[in-house]
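Structure file target-v7.txt; described as compact mmCIF, C-alpha atoms.
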```
# COMPACT_ATOMS: atom_id res chain seq x y z
CA MET A 1 0.00 0.00 0.00
CA ILE A 2 1.15 3.52 -0.71
CA LEU A 3 1.41 5.83 2.29
CA ASN A 4 -0.12 8.66 0.31
CA GLN A 5 -3.49 6.99 -0.16
CA PHE A 6 -4.11 7.18 3.58
CA LEU A 7 -2.76 10.71 3.87
CA LEU A 8 -4.90 11.96 0.99
CA LEU A 9 -8.01 10.29 2.43
CA ALA A 10 -7.30 11.99 5.76
CA ALA A 11 -6.77 15.34 4.02
CA ILE A 12 -10.11 15.06 2.19
CA LEU A 13 -11.93 14.12 5.40
CA PHE A 14 -10.24 17.03 7.18
CA CYS A 15 -11.49 19.47 4.53
CA ILE A 16 -15.04 18.07 4.73
CA GLY A 17 -14.88 18.57 8.50
CA VAL A 18 -13.64 22.14 8.09
CA TYR A 19 -16.53 22.81 5.70
CA GLY A 20 -18.96 21.46 8.29
CA VAL A 21 -17.53 23.61 11.09
CA LEU A 22 -17.71 26.76 8.94
CA ALA A 23 -21.05 26.21 7.18
CA ARG A 24 -23.31 24.72 9.86
CA ARG A 25 -24.98 26.90 12.46
CA ASN A 26 -26.41 24.10 14.57
CA GLY A 27 -24.14 23.61 17.60
CA ILE A 28 -24.41 19.82 17.58
CA MET A 29 -23.57 19.67 13.86
CA VAL A 30 -20.43 21.73 14.50
CA LEU A 31 -19.37 19.22 17.18
CA MET A 32 -19.95 16.33 14.74
CA SER A 33 -17.76 18.05 12.13
CA VAL A 34 -15.02 18.42 14.74
CA GLU A 35 -15.26 14.66 15.29
CA ILE A 36 -14.67 14.09 11.55
CA ILE A 37 -11.57 16.33 11.76
CA LEU A 38 -10.19 14.45 14.79
CA ASN A 39 -10.77 11.14 13.00
CA SER A 40 -8.81 12.25 9.96
CA VAL A 41 -5.94 13.20 12.26
CA ASN A 42 -6.11 9.72 13.80
CA ILE A 43 -5.85 8.09 10.36
CA ASN A 44 -2.74 10.20 9.73
CA LEU A 45 -1.18 9.21 13.07
CA VAL A 46 -1.78 5.49 12.57
CA ALA A 47 -0.59 5.61 8.94
CA PHE A 48 2.68 7.28 9.93
CA GLY A 49 3.03 4.84 12.82
CA ALA A 50 2.71 1.92 10.40
CA PHE A 51 5.08 3.61 7.96
CA ARG A 52 7.81 4.12 10.56
CA ASP A 53 6.99 0.80 12.24
CA HIS A 54 6.80 2.56 15.59
CA VAL A 55 4.13 2.37 18.30
CA ALA A 56 4.08 6.13 18.95
CA GLY A 57 1.51 6.68 16.19
CA GLU A 58 -0.95 4.26 17.76
CA VAL A 59 -0.31 5.51 21.30
CA PHE A 60 -1.08 9.08 20.32
CA ALA A 61 -4.12 8.00 18.30
CA LEU A 62 -5.43 6.47 21.54
CA PHE A 63 -4.73 9.72 23.39
CA VAL A 64 -6.57 11.67 20.69
CA ILE A 65 -9.59 9.35 21.09
CA ALA A 66 -9.60 9.92 24.85
CA VAL A 67 -9.31 13.70 24.50
CA ALA A 68 -12.06 13.69 21.85
CA ALA A 69 -14.37 11.90 24.28
CA ALA A 70 -13.72 14.58 26.91
CA GLU A 71 -14.22 17.32 24.31
CA VAL A 72 -17.60 15.96 23.21
CA GLY A 73 -18.79 15.68 26.81
CA ILE A 74 -17.93 19.30 27.61
CA GLY A 75 -19.12 20.55 24.22
CA LEU A 76 -22.53 18.93 24.53
CA ALA A 77 -22.89 20.28 28.07
CA ILE A 78 -22.22 23.80 26.75
CA VAL A 79 -24.67 23.34 23.85
CA LEU A 80 -27.28 22.10 26.34
CA LEU A 81 -26.71 25.18 28.50
CA ILE A 82 -27.07 27.49 25.49
CA TYR A 83 -30.31 25.70 24.58
CA ARG A 84 -31.66 26.05 28.11
CA ASN A 85 -30.93 29.78 28.21
CA ARG A 86 -31.99 30.74 24.68
CA ARG A 87 -34.32 27.96 23.46
CA SER A 88 -32.14 27.61 20.36
CA ILE A 89 -28.75 26.15 19.51
CA ASP A 90 -28.12 28.42 16.53
CA LEU A 91 -24.53 29.46 17.10
CA THR A 92 -24.94 32.75 15.20
CA GLU A 93 -27.36 33.84 17.91
CA ALA A 94 -24.83 33.18 20.66
CA ASP A 95 -22.99 36.47 20.11
CA LEU A 96 -23.22 38.11 23.53
CA LEU A 97 -19.48 38.86 23.58
CA LYS A 98 -19.52 40.41 20.11
CA GLY A 99 -18.61 44.10 20.20
CA MET B 100 4.18 5.73 -19.88
CA THR B 101 0.45 6.27 -20.30
CA PRO B 102 -1.83 5.83 -17.29
CA ALA B 103 -3.23 2.65 -18.83
CA GLY B 104 0.31 1.36 -19.25
CA VAL B 105 1.13 2.13 -15.60
CA LEU B 106 -2.06 0.37 -14.58
CA ALA B 107 -1.23 -2.69 -16.67
CA ALA B 108 2.37 -2.80 -15.42
CA SER B 109 1.26 -2.54 -11.78
CA ALA B 110 -1.38 -5.18 -12.32
CA ALA B 111 1.19 -7.46 -13.89
CA SER B 112 3.43 -7.14 -10.84
CA GLY B 113 0.42 -7.78 -8.60
CA ASP B 114 0.77 -4.37 -7.07
CA LEU B 115 -2.33 -2.29 -7.59
CA PHE B 116 -5.12 -4.78 -7.36
CA VAL B 117 -4.16 -6.62 -4.21
CA ALA B 118 -7.07 -7.12 -1.83
CA GLN B 119 -5.83 -4.40 0.55
CA ASN B 120 -5.97 -1.70 -2.10
CA VAL B 121 -9.40 -2.79 -3.33
CA PHE B 122 -10.78 -2.72 0.21
CA PHE B 123 -9.06 0.60 0.85
CA GLY B 124 -10.76 2.12 -2.19
CA VAL B 125 -14.22 0.84 -1.29
CA ILE B 126 -13.98 1.93 2.35
CA ALA B 127 -12.49 5.32 1.43
CA LEU B 128 -15.35 5.96 -1.01
CA VAL B 129 -17.94 5.06 1.63
CA MET B 130 -16.18 7.32 4.17
CA ILE B 131 -16.01 10.34 1.88
CA VAL B 132 -19.62 10.03 0.70
CA SER B 133 -20.86 9.59 4.29
CA ALA B 134 -18.79 12.53 5.53
CA ILE B 135 -20.20 14.78 2.80
CA ARG B 136 -23.74 13.64 3.57
CA CYS B 137 -23.07 14.16 7.29
CA VAL B 138 -22.11 17.81 6.91
CA THR B 139 -24.75 18.64 4.28
CA THR B 140 -27.88 16.78 5.36
CA ARG B 141 -30.68 18.83 6.91
CA ASN B 142 -31.84 16.19 9.37
CA VAL B 143 -29.58 16.17 12.43
CA VAL B 144 -30.44 12.59 13.42
CA HIS B 145 -29.51 11.42 9.91
CA ALA B 146 -26.24 13.33 10.23
CA ALA B 147 -25.42 11.38 13.40
CA LEU B 148 -26.13 8.11 11.57
CA TRP B 149 -23.91 9.15 8.63
CA LEU B 150 -21.21 9.95 11.18
CA VAL B 151 -21.42 6.31 12.36
CA LEU B 152 -20.46 5.20 8.84
CA VAL B 153 -17.46 7.56 8.79
CA LEU B 154 -16.26 6.30 12.18
CA ALA B 155 -16.74 2.64 11.20
CA GLY B 156 -14.80 3.28 8.00
CA ALA B 157 -11.97 4.81 10.02
CA ALA B 158 -11.92 1.68 12.21
CA ALA B 159 -11.67 -0.45 9.06
CA GLN B 160 -8.75 1.67 7.84
CA PHE B 161 -6.99 1.12 11.18
CA ILE B 162 -7.37 -2.65 10.68
CA LEU B 163 -5.93 -2.30 7.16
CA LEU B 164 -2.96 -0.50 8.73
CA GLY B 165 -2.47 -3.42 11.09
CA SER B 166 -3.40 -1.76 14.38
CA GLU B 167 -6.43 -3.63 15.67
CA PHE B 168 -6.24 -2.16 19.15
CA VAL B 169 -6.91 1.37 17.89
CA ALA B 170 -9.71 -0.03 15.70
CA VAL B 171 -11.38 -1.77 18.64
CA THR B 172 -11.01 1.35 20.79
CA GLN B 173 -12.48 3.42 17.96
CA VAL B 174 -15.56 1.18 17.79
CA LEU B 175 -15.99 1.06 21.58
CA VAL B 176 -15.44 4.74 22.33
CA TYR B 177 -16.73 6.48 19.22
CA ILE B 178 -19.56 4.31 17.92
CA GLY B 179 -20.42 2.94 21.35
CA ALA B 180 -20.26 6.06 23.49
CA ILE B 181 -19.84 9.30 21.57
CA ILE B 182 -22.63 8.66 19.04
CA VAL B 183 -25.01 7.80 21.90
CA LEU B 184 -23.96 11.05 23.58
CA PHE B 185 -24.72 12.93 20.35
CA LEU B 186 -28.14 11.30 20.01
CA PHE B 187 -28.95 12.26 23.62
CA GLY B 188 -27.79 15.81 22.90
CA ILE B 189 -30.06 15.96 19.83
CA MET B 190 -33.03 14.64 21.81
CA LEU B 191 -32.46 17.00 24.76
CA THR B 192 -32.36 20.04 22.47
CA LYS B 193 -35.72 19.56 20.80
CA ALA B 194 -35.18 22.53 18.52
CA SER B 195 -32.62 20.62 16.54
CA MET B 196 -34.77 17.56 15.85
CA GLY B 197 -36.02 17.14 12.31
CA ASP B 198 -35.21 19.75 9.70
CA ASP B 199 -32.36 22.15 10.28
CA ASP B 200 -32.80 25.10 7.96
CA SER B 201 -29.58 26.71 9.10
CA VAL B 202 -27.48 25.67 6.10
CA ALA B 203 -27.21 29.24 4.88
CA GLY B 204 -26.33 30.03 1.26
CA GLU B 205 -23.65 32.68 1.53
CA LYS B 206 -21.85 30.98 4.40
CA ARG B 207 -21.96 27.72 2.52
CA LEU B 208 -20.22 29.27 -0.48
CA MET B 209 -17.37 30.72 1.59
CA ALA B 210 -16.98 27.52 3.61
CA GLY B 211 -16.87 25.45 0.43
CA LEU B 212 -14.23 27.79 -1.02
CA VAL B 213 -12.07 27.47 2.11
CA ALA B 214 -12.44 23.67 2.14
CA VAL B 215 -11.54 23.31 -1.56
CA LEU B 216 -8.52 25.62 -1.22
CA LEU B 217 -7.34 23.69 1.82
CA ALA B 218 -7.79 20.39 -0.03
CA VAL B 219 -5.77 21.65 -3.01
CA VAL B 220 -2.92 22.96 -0.84
CA MET B 221 -2.72 19.80 1.27
CA GLY B 222 -3.06 17.56 -1.78
CA ILE B 223 -0.18 19.30 -3.59
CA ALA B 224 1.99 19.18 -0.46
CA LEU B 225 1.29 15.47 0.09
CA VAL B 226 1.80 14.43 -3.52
CA ASP B 227 5.02 16.46 -3.55
CA SER B 228 6.39 14.90 -0.34
CA TYR B 229 5.22 11.28 -0.27
CA SER B 230 4.35 10.39 -3.85
CA ASP B 231 5.98 6.95 -3.86
CA THR B 232 6.49 6.11 -0.21
CA ARG B 233 5.20 2.67 0.63
CA VAL B 234 3.74 1.22 3.81
CA VAL B 235 4.81 -2.34 4.37
CA ILE B 236 2.74 -4.18 6.97
CA ASP B 237 4.27 -7.59 7.50
CA GLU B 238 2.55 -8.32 10.81
CA PRO B 239 -0.07 -6.66 13.00
CA GLN B 240 1.20 -4.49 15.84
CA ARG B 241 1.11 -6.45 19.06
CA PHE B 242 -1.01 -5.19 21.94
CA ALA B 243 1.95 -5.77 24.26
CA ALA B 244 4.18 -3.31 22.43
CA VAL B 245 1.51 -0.59 22.57
CA SER B 246 0.77 -1.10 26.26
CA ASP B 247 4.49 -1.26 27.07
CA ALA B 248 4.97 2.10 25.39
CA ILE B 249 1.95 3.63 27.15
CA PHE B 250 3.01 2.49 30.60
CA SER B 251 6.72 3.28 30.30
CA GLN B 252 7.66 5.96 27.81
CA TYR B 253 4.34 7.83 27.73
CA ILE B 254 3.26 7.35 31.35
CA VAL B 255 3.15 11.10 32.06
CA ALA B 256 0.86 11.72 29.08
CA PHE B 257 -1.31 8.77 30.15
CA GLU B 258 -1.72 10.13 33.68
CA ALA B 259 -2.43 13.59 32.30
CA VAL B 260 -5.17 12.15 30.07
CA SER B 261 -6.76 10.36 33.02
CA VAL B 262 -6.81 13.58 35.06
CA LEU B 263 -8.21 15.42 32.01
CA LEU B 264 -11.04 12.89 31.67
CA LEU B 265 -11.90 13.29 35.36
CA ALA B 266 -11.88 17.07 35.04
CA ALA B 267 -14.06 16.89 31.91
CA LEU B 268 -16.51 14.58 33.69
CA ILE B 269 -16.88 16.91 36.68
CA GLY B 270 -16.94 19.96 34.42
CA ALA B 271 -19.71 18.54 32.23
CA ILE B 272 -21.83 17.75 35.29
CA VAL B 273 -21.29 21.22 36.76
CA VAL B 274 -22.02 23.00 33.47
CA ALA B 275 -25.15 21.02 32.54
CA ARG B 276 -26.62 20.80 36.06
CA LYS B 277 -29.89 22.60 36.77
CA GLU B 278 -29.52 25.29 39.42
```
Entire entry expressed as structure tokens:
Amino acid sequence: MILNQFLLLAAILFCIGVYGVLARRNGIMVLMSVEIILNSVNINLVAFGAFRDHVAGEVFALFVIAVAAAEVGIGLAIVLLIYRNRRSIDLTEADLLKG
Amino acid sequence: MTPAGVLAASAASGDLFVAQNVFFGVIALVMIVSAIRCVTTRNVVHAALWLVLVLAGAAAQFILLGSEFVAVTQVLVYIGAIIVLFLFGIMLTKASMGDDDSVAGEKRLMAGLVAVLLAVVMGIALVDSYSDTRVVIDEPQRFAAVSDAIFSQYIVAFEAVSVLLLAALIGAIVVARKE
């Protein structure tokens, strides 16, 4: 297998995730797009780990999975709080700090 | 050499059409289509279900790369826990159930432009740097090697992650709790 096929797949997934983060206004959809981005990074880490024949790639992919789980927990709690205060999770409406 | 000639030469040397590459292509196609559907579909519940396909495809790619432990963790943590968390989040915020009309036109254009530009830049950089680097997987990574590395070389990072998870757990409860 060529290393580049995995790297290009990860790059495409990363760009789709970036599109989702920028285009969606629903808070939960933004969190899902961030998950796609983190997954593409994991594919990169594991591919380089296999390429170098070193366990570091896998170890850090596991760390990324753990941090992603924490991130989703906190993110959903924040989205829930926004919904409770404003009856909407449209992120363009959450602009209290905007000058 | 013409592309067809390259294809024929690779096929003759049993290079391009080995089972791994065929499976890679199929899974990659499924992942890309599901990811695009996930970020463009109007129904948020459907988006979560498309996300399951992306995550399962990533697990399959990890198996292709010979690291089953990451694949199993991916299935357990992502598909088992995070998707359920997302579905609960969708159900608890009733406003987001069903149609989501927030996919605005102008924003979508700019976001698409940014994504395409990013894809072109990264694609050129990758093709330039790794165009004929090969991954050779002669045997799957052993669990023992991974756990040895976690509990010796990366023990500080491991402990930091465990403290982070605890902090996130308490933080999520405090943030989402009713007064």
* Asked: Counting all atoms listed in the file, what is within 10 Å of B:Ile162, bar same-chain residues fewer than 6 positions away, as an NGL selection string?
  -> :B and (156 or 168-171 or 239)
Stretch 271-278 of chain B environment, 12 Å, all atoms listed in the file, sequence neighbours closer than 2 positions dropped, as an MDAnalysis selection string
(chainID A and resid 69:85) or (chainID B and resid 188 191 263:269)
Which residues of chain A are close to chain B, meaning at most 8 Å apart when you count only C-alpha atoms, and how do they look as an NGL selection string? :A and (1-4 or 7-9 or 11-13 or 15-20 or 22-26 or 28-29 or 32-33 or 36 or 39 or 43 or 46-47 or 50-51 or 55-56 or 58-59 or 61-63 or 65-67 or 69-74 or 76-78 or 80-81 or 83 or 87-90)
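Straight-line separation from atom CA of B:Ser251 to atom CA of A:Ser40: 27.1 Å.
Relative to atom CA of A:Val34, atom CA of A:Val21 is found at 6.8 Å.
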